Amino acid sequence: MSAVVIAETVRRHITSAGFLAATAFLAIIGLGVSRFATPGAVWPSVISLLALFVGGGVIGPEFSRGTLQLILTKPVNRSIYLLSRVAGAVLVLWIAIGVATAFEMVGRIAWTSASQLDVLGIRFLNVSIEAVLMCSMLVLFASFTRAYFNVAIYIMLVMGLNVAEGLLAMIRSSRSALGNFLNEHAVIERGLAAINNNLFPEAPMTFDREWTLRVLSNAAIALVIACFAFRRREVPYGAD
Amino acid sequence: MARIRNQRAVPMALIVIAVVLLVARVGAGLLGDGAKHDYVNWVAIDDGPPMSQATGKPIMFFFTAEWCAPCHQLEREVFSDRALAEQINERFIPVRVVDRMKEDGRNPARVALLQQTFSARGFPTIVFTDAAGSERGRMEGFRDRGEFQRVMEGVR
């Protein structure tokens, strides 16, 4: 890993107005939900949105801007550069998650005199781990696309899998010939659900060792594939 | 030339970490299934009310589904805890009601009736009732075993 690349990635984000505004927004949300919601309930969906922007900009836009071939003329290992950028993006997200969690905790102490630090702490951990997987997958898609196509692929996959699951469930309960086929071959729906659970796992409210290992191993596999794809990719001269 | 080849090398450490995590994940899955033991003495749906009448104990209906991850969490943290399971067995008639809508497209009539009677719209839902069906306690969803204990101790 390159400390310089990690530090530069973090610096670039935390000095950007957009990220500062997003973090301030998260703080306000944290104070707002501390009054009524289950501790940490909103963070998975909110942080996912932020992760799309942070993780989506790791490699793809650098291809389009033409800066990547300049970087790769230096004696820097491609995989090290890729992994360092991912590490920087994950650190940035953890900072945002930390700010959000801290403000929710302050709000809960102010409203209810109970910080519920144990619940919030677990939630912070689970959302942080989920952010690692999100960034890894976005980088995987970025390793063979450019601009922000990786974000488009990610969103299409999320929506596509959920729509497919819903459609199959509807067809199965329709008592048609296809519905009977699906009833007899439940492995089709279970397989689809397994793919969905592995690519887009929902962060649980408690610490789940199996879930944690599943997400981290999937993230590691995604990064390995991304490194192999990135090492073979030819970087053209000039911007798009 | 060696420098250009090194520029494209994939770090072995990353591959090792990925393999280790994968092995740990498979191992945790196998170990988790083996270690999970349900100490609750579940009673068939039809036997619940008569046993409740005979013993005077309230019924604990556990509405669950195979695909429900929080339900498995509840089973691991509550029903696999020997001390808690003994309390449940001692104080209640435990009845497990498994939803099969996703797998079979329909539920058995008895299951559907119970879900409708006790408004079990999500899983897990735990409902404590007397033999006549009057609700004495309820827990929807699962946060932690502490919450379950509080609800259970509140049942009279």
# chains A, B, ... in the order shown; residues from 1 in each chain; ligands from 1
>>> interface_residues(of="chain B", to="chain A", cutoff="6 Å", atoms="only C-alpha atoms", output="PyMOL selection string")
chain B and resi 7-8+10+18+21-22+25+105
>>> residues_around(residues="Ser80 in chain B", least_positions_apart="5", cutoff="6 Å", atoms="only C-alpha atoms", output="short mmCIF file (atom, residue, chain, number, x, y, z; two decimals) with N, CA and C atoms, in the first residue's frame")
data_model
loop_
_atom_site.label_atom_id
_atom_site.label_comp_id
_atom_site.auth_asym_id
_atom_site.auth_seq_id
_atom_site.Cartn_x
_atom_site.Cartn_y
_atom_site.Cartn_z
N HIS B 37 -27.53 -25.32 18.73
CA HIS B 37 -28.41 -26.36 19.22
C HIS B 37 -29.59 -25.69 19.88
N ASP B 38 -30.76 -26.06 19.45
CA ASP B 38 -31.98 -25.47 19.96
C ASP B 38 -32.42 -26.24 21.21
N TYR B 39 -32.37 -25.59 22.38
CA TYR B 39 -32.72 -26.27 23.63
C TYR B 39 -34.19 -26.10 24.00
#
>>> residues_around(residues="Arg145 in chain B", least_positions_apart="2", cutoff="7 Å", atoms="only C-alpha atoms", output="list in words")
Glu77, Val78, Glu147, Phe148 and Gln149 of chain B
>>> write_last_selection(atoms="all heavy atoms", output="CSV table (one decimal), in the first residue's frame")
chain,number,residue,atom,x,y,z
B,77,GLU,N,-29.0,-16.7,19.5
B,77,GLU,CA,-28.7,-16.0,20.7
B,77,GLU,C,-29.7,-16.3,21.9
B,77,GLU,O,-29.3,-16.1,23.0
B,77,GLU,CB,-28.8,-14.5,20.4
B,77,GLU,CG,-27.7,-14.0,19.5
B,77,GLU,CD,-27.6,-12.5,19.4
B,77,GLU,OE1,-28.0,-11.8,20.4
B,77,GLU,OE2,-27.1,-12.0,18.4
B,78,VAL,N,-30.9,-16.8,21.6
B,78,VAL,CA,-31.8,-17.0,22.7
B,78,VAL,C,-32.1,-18.5,22.8
B,78,VAL,O,-31.9,-19.1,23.9
B,78,VAL,CB,-33.2,-16.3,22.4
B,78,VAL,CG1,-34.2,-16.6,23.4
B,78,VAL,CG2,-32.9,-14.8,22.3
B,147,GLU,N,-33.6,-7.6,25.0
B,147,GLU,CA,-35.0,-7.2,24.7
B,147,GLU,C,-36.0,-8.4,24.9
B,147,GLU,O,-37.0,-8.2,25.4
B,147,GLU,CB,-35.1,-6.7,23.2
B,147,GLU,CG,-36.4,-6.1,22.8
B,147,GLU,CD,-36.6,-6.0,21.4
B,147,GLU,OE1,-35.7,-6.4,20.6
B,147,GLU,OE2,-37.6,-5.4,20.9
B,148,PHE,N,-35.5,-9.6,24.4
B,148,PHE,CA,-36.4,-10.8,24.5
B,148,PHE,C,-36.6,-11.0,26.0
B,148,PHE,O,-37.8,-11.3,26.4
B,148,PHE,CB,-35.8,-12.0,23.9
B,148,PHE,CG,-36.5,-13.2,24.1
B,148,PHE,CD1,-37.6,-13.6,23.3
B,148,PHE,CD2,-36.2,-14.1,25.1
B,148,PHE,CE1,-38.3,-14.7,23.5
B,148,PHE,CE2,-36.9,-15.3,25.3
B,148,PHE,CZ,-38.0,-15.6,24.5
B,149,GLN,N,-35.6,-11.0,26.8
B,149,GLN,CA,-35.7,-11.2,28.3
B,149,GLN,C,-36.7,-10.3,28.9
B,149,GLN,O,-37.5,-10.7,29.8
B,149,GLN,CB,-34.3,-11.1,28.9
B,149,GLN,CG,-33.6,-12.4,28.9
B,149,GLN,CD,-32.2,-12.3,29.6
B,149,GLN,OE1,-31.3,-11.6,29.1
B,149,GLN,NE2,-32.0,-13.0,30.7
>>> residues_around(residues="Arg156 in chain B", least_positions_apart="5", cutoff="10 Å", atoms="only C-alpha atoms", output="CSV table (one decimal) with all heavy atoms, in the first residue's frame")
chain,number,residue,atom,x,y,z
B,57,LYS,N,-49.9,-22.8,31.8
B,57,LYS,CA,-48.8,-22.0,31.3
B,57,LYS,C,-49.3,-21.2,30.1
B,57,LYS,O,-50.0,-21.8,29.2
B,57,LYS,CB,-47.6,-22.9,30.9
B,57,LYS,CG,-46.9,-23.6,32.1
B,57,LYS,CD,-45.7,-24.4,31.5
B,57,LYS,CE,-45.1,-25.3,32.5
B,57,LYS,NZ,-44.0,-26.1,31.9
B,58,PRO,N,-48.8,-20.0,29.9
B,58,PRO,CA,-49.0,-19.3,28.7
B,58,PRO,C,-48.3,-19.9,27.5
B,58,PRO,O,-47.4,-20.7,27.7
B,58,PRO,CB,-48.5,-17.9,28.9
B,58,PRO,CG,-48.1,-17.8,30.3
B,58,PRO,CD,-48.0,-19.2,30.8
B,91,ARG,N,-41.6,-21.9,31.8
B,91,ARG,CA,-42.7,-20.9,32.0
B,91,ARG,C,-43.8,-21.0,31.0
B,91,ARG,O,-44.9,-20.5,31.2
B,91,ARG,CB,-42.1,-19.5,32.1
B,91,ARG,CG,-41.3,-19.2,33.3
B,91,ARG,CD,-40.9,-17.8,33.4
B,91,ARG,NE,-42.1,-16.9,33.3
B,91,ARG,CZ,-42.1,-15.7,33.1
B,91,ARG,NH1,-41.0,-15.0,32.8
B,91,ARG,NH2,-43.3,-15.0,33.1
B,128,PHE,N,-47.0,-13.9,23.2
B,128,PHE,CA,-47.3,-14.7,24.4
B,128,PHE,C,-48.8,-14.6,24.6
B,128,PHE,O,-49.4,-13.5,24.7
B,128,PHE,CB,-46.6,-14.2,25.6
B,128,PHE,CG,-45.1,-14.3,25.5
B,128,PHE,CD1,-44.3,-13.2,25.0
B,128,PHE,CD2,-44.4,-15.4,25.9
B,128,PHE,CE1,-43.0,-13.3,24.9
B,128,PHE,CE2,-43.0,-15.5,25.8
B,128,PHE,CZ,-42.3,-14.5,25.3
B,129,THR,N,-49.5,-15.7,24.8
B,129,THR,CA,-50.9,-15.7,25.0
B,129,THR,C,-51.3,-16.7,26.1
B,129,THR,O,-50.5,-17.6,26.4
B,129,THR,CB,-51.7,-16.1,23.7
B,129,THR,OG1,-51.6,-17.5,23.5
B,129,THR,CG2,-51.2,-15.4,22.5
B,130,ASP,N,-52.5,-16.6,26.6
B,130,ASP,CA,-53.0,-17.7,27.5
B,130,ASP,C,-53.7,-18.7,26.6
B,130,ASP,O,-53.8,-18.6,25.4
B,130,ASP,CB,-54.0,-17.1,28.5
B,130,ASP,CG,-55.1,-16.3,28.0
B,130,ASP,OD1,-55.5,-16.6,26.8
B,130,ASP,OD2,-55.7,-15.5,28.7
B,136,ARG,N,-50.7,-11.6,26.0
B,136,ARG,CA,-50.1,-11.1,27.2
B,136,ARG,C,-48.7,-10.5,27.0
B,136,ARG,O,-48.1,-9.9,27.9
B,136,ARG,CB,-49.9,-12.3,28.2
B,136,ARG,CG,-51.2,-12.9,28.7
B,136,ARG,CD,-50.9,-13.7,29.9
B,136,ARG,NE,-52.0,-14.5,30.3
B,136,ARG,CZ,-51.9,-15.4,31.3
B,136,ARG,NH1,-50.8,-15.7,31.8
B,136,ARG,NH2,-53.0,-16.1,31.6
B,137,GLY,N,-48.2,-10.6,25.8
B,137,GLY,CA,-46.9,-10.0,25.6
B,137,GLY,C,-46.6,-10.2,24.1
B,137,GLY,O,-47.1,-11.1,23.4
>>> closest_residue(among="B:Glu153, B:Val95, B:Glu140, B:Arg100", to="Asp46 in chain B", atoms="only C-alpha atoms")
B:Val95
>>> select_by_dssp(residues="chain B", states="helix (DSSP H, G or I)", output="JSON, numbers by chain")
{"B": [2, 3, 4, 5, 6, 7, 12, 13, 14, 15, 16, 17, 18, 19, 20, 21, 22, 23, 24, 25, 26, 27, 28, 29, 30, 31, 32, 33, 34, 35, 45, 46, 47, 48, 49, 50, 51, 52, 53, 54, 55, 69, 70, 71, 72, 73, 74, 75, 76, 77, 78, 79, 82, 83, 84, 85, 86, 87, 88, 89, 90, 91, 101, 102, 103, 104, 109, 110, 111, 112, 113, 114, 115, 116, 117, 145, 146, 147, 148, 149, 150, 151, 152, 153]}
>>> residues_around(residues="Arg96 in chain B", least_positions_apart="2", cutoff="9 Å", atoms="only C-alpha atoms", output="list in words")
Trp42, Val43, Ala44, Ile45, Met60, Phe61, Phe62, Phe63, Thr64, Pro94 and Val98 of chain B
>>> atom_distance(atom1="CA of Ala203 in chain A", atom2="CA of Glu130 in chain A")
6.8 Å
>>> closest_residue(among="B:Val23, B:Asp99, B:Pro50, B:Glu135", to="Val111 in chain B", atoms="only C-alpha atoms")
B:Asp99
>>> residues_around(residues="range 9-19 of chain A", least_positions_apart="5", cutoff="10 Å", atoms="only C-alpha atoms", output="ChimeraX atom specification")
/A:3-4,24-25,50,53-54,58,84-93,95-96
>>> write_last_selection(atoms="N, CA, C and O atoms", output="compact mmCIF listing (two decimals), in the first residue's frame")
# COMPACT_ATOMS: atom_id res chain seq x y z
N ALA A 3 1.26 4.94 1.23
CA ALA A 3 0.73 5.93 2.18
C ALA A 3 0.47 7.26 1.48
O ALA A 3 -0.48 7.97 1.82
N VAL A 4 1.30 7.57 0.51
CA VAL A 4 1.14 8.85 -0.22
C VAL A 4 -0.19 8.87 -0.96
O VAL A 4 -0.94 9.84 -0.93
N ALA A 24 -21.85 17.24 6.82
CA ALA A 24 -22.70 18.11 7.65
C ALA A 24 -24.15 17.62 7.60
O ALA A 24 -24.86 17.60 8.62
N PHE A 25 -24.57 17.19 6.42
CA PHE A 25 -25.92 16.67 6.25
C PHE A 25 -26.11 15.41 7.08
O PHE A 25 -27.15 15.22 7.73
N LEU A 50 -23.62 7.78 -0.20
CA LEU A 50 -22.32 8.48 -0.16
C LEU A 50 -21.22 7.60 -0.74
O LEU A 50 -20.35 8.07 -1.47
N PHE A 53 -20.79 7.73 -4.49
CA PHE A 53 -20.03 8.87 -5.02
C PHE A 53 -18.54 8.72 -4.73
O PHE A 53 -17.70 8.98 -5.59
N VAL A 54 -18.24 8.32 -3.49
CA VAL A 54 -16.82 8.24 -3.10
C VAL A 54 -16.14 7.08 -3.83
O VAL A 54 -15.09 7.23 -4.45
N VAL A 58 -13.12 6.39 -7.80
CA VAL A 58 -11.76 5.94 -7.46
C VAL A 58 -10.86 5.83 -8.69
O VAL A 58 -9.76 6.35 -8.70
N SER A 84 -4.48 1.21 -2.83
CA SER A 84 -4.29 2.41 -2.00
C SER A 84 -5.43 3.38 -2.21
O SER A 84 -5.91 4.02 -1.27
N ARG A 85 -5.89 3.49 -3.44
CA ARG A 85 -7.04 4.38 -3.71
C ARG A 85 -8.28 3.86 -3.01
O ARG A 85 -9.07 4.61 -2.45
N VAL A 86 -8.47 2.52 -3.04
CA VAL A 86 -9.62 1.93 -2.36
C VAL A 86 -9.51 2.18 -0.86
O VAL A 86 -10.50 2.56 -0.20
N ALA A 87 -8.32 1.99 -0.31
CA ALA A 87 -8.12 2.21 1.13
C ALA A 87 -8.44 3.66 1.50
O ALA A 87 -9.08 3.93 2.52
N GLY A 88 -8.00 4.60 0.67
CA GLY A 88 -8.30 6.00 0.92
C GLY A 88 -9.79 6.28 0.89
O GLY A 88 -10.33 6.98 1.76
N ALA A 89 -10.48 5.70 -0.10
CA ALA A 89 -11.93 5.90 -0.21
C ALA A 89 -12.65 5.31 1.00
O ALA A 89 -13.57 5.92 1.55
N VAL A 90 -12.21 4.14 1.43
CA VAL A 90 -12.84 3.50 2.60
C VAL A 90 -12.61 4.34 3.85
O VAL A 90 -13.52 4.53 4.66
N LEU A 91 -11.41 4.87 4.00
CA LEU A 91 -11.11 5.74 5.17
C LEU A 91 -12.01 6.96 5.18
O LEU A 91 -12.52 7.36 6.23
N VAL A 92 -12.20 7.55 4.01
CA VAL A 92 -13.08 8.72 3.90
C VAL A 92 -14.50 8.36 4.34
O VAL A 92 -15.14 9.09 5.09
N LEU A 93 -14.97 7.20 3.89
CA LEU A 93 -16.33 6.77 4.28
C LEU A 93 -16.40 6.52 5.77
O LEU A 93 -17.39 6.84 6.42
N ILE A 95 -14.75 7.99 8.05
CA ILE A 95 -14.80 9.31 8.71
C ILE A 95 -16.25 9.81 8.71
O ILE A 95 -16.77 10.27 9.74
N ALA A 96 -16.90 9.70 7.55
CA ALA A 96 -18.29 10.15 7.45
C ALA A 96 -19.20 9.35 8.39
O ALA A 96 -20.05 9.90 9.09
>>> atom_distance(atom1="CA of Phe142 in chain B", atom2="CA of Ala120 in chain B")
13.8 Å
>>> select_by_dssp(residues="range 61-144 of chain B", states="strand (DSSP E or B)", output="PyMOL selection string")
chain B and resi 61-65+93-99+125-129+135-140
>>> write_last_selection(atoms="N, CA and C atoms", output="mmCIF file, in the first residue's frame")
data_model
loop_
_atom_site.group_PDB
_atom_site.id
_atom_site.type_symbol
_atom_site.label_atom_id
_atom_site.label_comp_id
_atom_site.auth_asym_id
_atom_site.auth_seq_id
_atom_site.Cartn_x
_atom_site.Cartn_y
_atom_site.Cartn_z
ATOM 1 N N PHE B 61 -45.885 -18.231 21.021
ATOM 2 C CA PHE B 61 -45.870 -18.478 19.578
ATOM 3 C C PHE B 61 -44.662 -17.780 18.964
ATOM 4 N N PHE B 62 -43.859 -18.535 18.225
ATOM 5 C CA PHE B 62 -42.686 -17.976 17.542
ATOM 6 C C PHE B 62 -42.963 -18.052 16.047
ATOM 7 N N PHE B 63 -43.315 -16.905 15.456
ATOM 8 C CA PHE B 63 -43.590 -16.835 14.023
ATOM 9 C C PHE B 63 -42.270 -16.593 13.300
ATOM 10 N N THR B 64 -41.926 -17.506 12.395
ATOM 11 C CA THR B 64 -40.614 -17.430 11.750
ATOM 12 C C THR B 64 -40.711 -17.906 10.303
ATOM 13 N N ALA B 65 -39.595 -17.814 9.589
ATOM 14 C CA ALA B 65 -39.511 -18.312 8.212
ATOM 15 C C ALA B 65 -38.069 -18.750 7.959
ATOM 16 N N ILE B 93 -45.488 -22.722 27.013
ATOM 17 C CA ILE B 93 -45.629 -23.797 26.035
ATOM 18 C C ILE B 93 -45.134 -23.202 24.718
ATOM 19 N N PRO B 94 -43.949 -23.562 24.276
ATOM 20 C CA PRO B 94 -43.407 -22.928 23.074
ATOM 21 C C PRO B 94 -43.916 -23.602 21.806
ATOM 22 N N VAL B 95 -44.429 -22.783 20.898
ATOM 23 C CA VAL B 95 -44.960 -23.282 19.623
ATOM 24 C C VAL B 95 -44.282 -22.511 18.503
ATOM 25 N N ARG B 96 -43.661 -23.239 17.577
ATOM 26 C CA ARG B 96 -42.998 -22.580 16.440
ATOM 27 C C ARG B 96 -43.941 -22.622 15.240
ATOM 28 N N VAL B 97 -44.195 -21.456 14.645
ATOM 29 C CA VAL B 97 -45.087 -21.355 13.478
ATOM 30 C C VAL B 97 -44.240 -20.886 12.292
ATOM 31 N N VAL B 98 -44.023 -21.796 11.345
ATOM 32 C CA VAL B 98 -43.097 -21.500 10.234
ATOM 33 C C VAL B 98 -43.869 -21.092 8.984
ATOM 34 N N ASP B 99 -43.576 -19.932 8.488
ATOM 35 C CA ASP B 99 -44.210 -19.434 7.263
ATOM 36 C C ASP B 99 -43.571 -20.097 6.041
ATOM 37 N N THR B 125 -41.711 -12.705 14.889
ATOM 38 C CA THR B 125 -42.698 -12.136 15.801
ATOM 39 C C THR B 125 -42.923 -13.172 16.887
ATOM 40 N N ILE B 126 -42.856 -12.736 18.136
ATOM 41 C CA ILE B 126 -43.121 -13.643 19.259
ATOM 42 C C ILE B 126 -44.324 -13.097 20.001
ATOM 43 N N VAL B 127 -45.302 -13.966 20.207
ATOM 44 C CA VAL B 127 -46.535 -13.557 20.884
ATOM 45 C C VAL B 127 -46.766 -14.508 22.052
ATOM 46 N N PHE B 128 -46.997 -13.927 23.219
ATOM 47 C CA PHE B 128 -47.332 -14.717 24.416
ATOM 48 C C PHE B 128 -48.831 -14.610 24.641
ATOM 49 N N THR B 129 -49.502 -15.747 24.766
ATOM 50 C CA THR B 129 -50.945 -15.729 24.990
ATOM 51 C C THR B 129 -51.308 -16.750 26.058
ATOM 52 N N GLU B 135 -53.765 -12.047 24.334
ATOM 53 C CA GLU B 135 -52.350 -11.705 24.229
ATOM 54 C C GLU B 135 -51.823 -11.144 25.550
ATOM 55 N N ARG B 136 -50.669 -11.635 25.969
ATOM 56 C CA ARG B 136 -50.074 -11.149 27.220
ATOM 57 C C ARG B 136 -48.716 -10.486 27.001
ATOM 58 N N GLY B 137 -48.184 -10.635 25.831
ATOM 59 C CA GLY B 137 -46.880 -10.012 25.552
ATOM 60 C C GLY B 137 -46.553 -10.214 24.091
ATOM 61 N N ARG B 138 -45.663 -9.324 23.590
ATOM 62 C CA ARG B 138 -45.388 -9.381 22.163
ATOM 63 C C ARG B 138 -44.010 -8.797 21.883
ATOM 64 N N MET B 139 -43.316 -9.397 20.915
ATOM 65 C CA MET B 139 -42.042 -8.822 20.458
ATOM 66 C C MET B 139 -41.997 -8.952 18.936
ATOM 67 N N GLU B 140 -41.812 -7.830 18.288
ATOM 68 C CA GLU B 140 -41.723 -7.852 16.824
ATOM 69 C C GLU B 140 -40.299 -7.520 16.403
#
>>> atom_distance(atom1="CA of Leu113 in chain B", atom2="CA of Ala85 in chain B")
26.6 Å
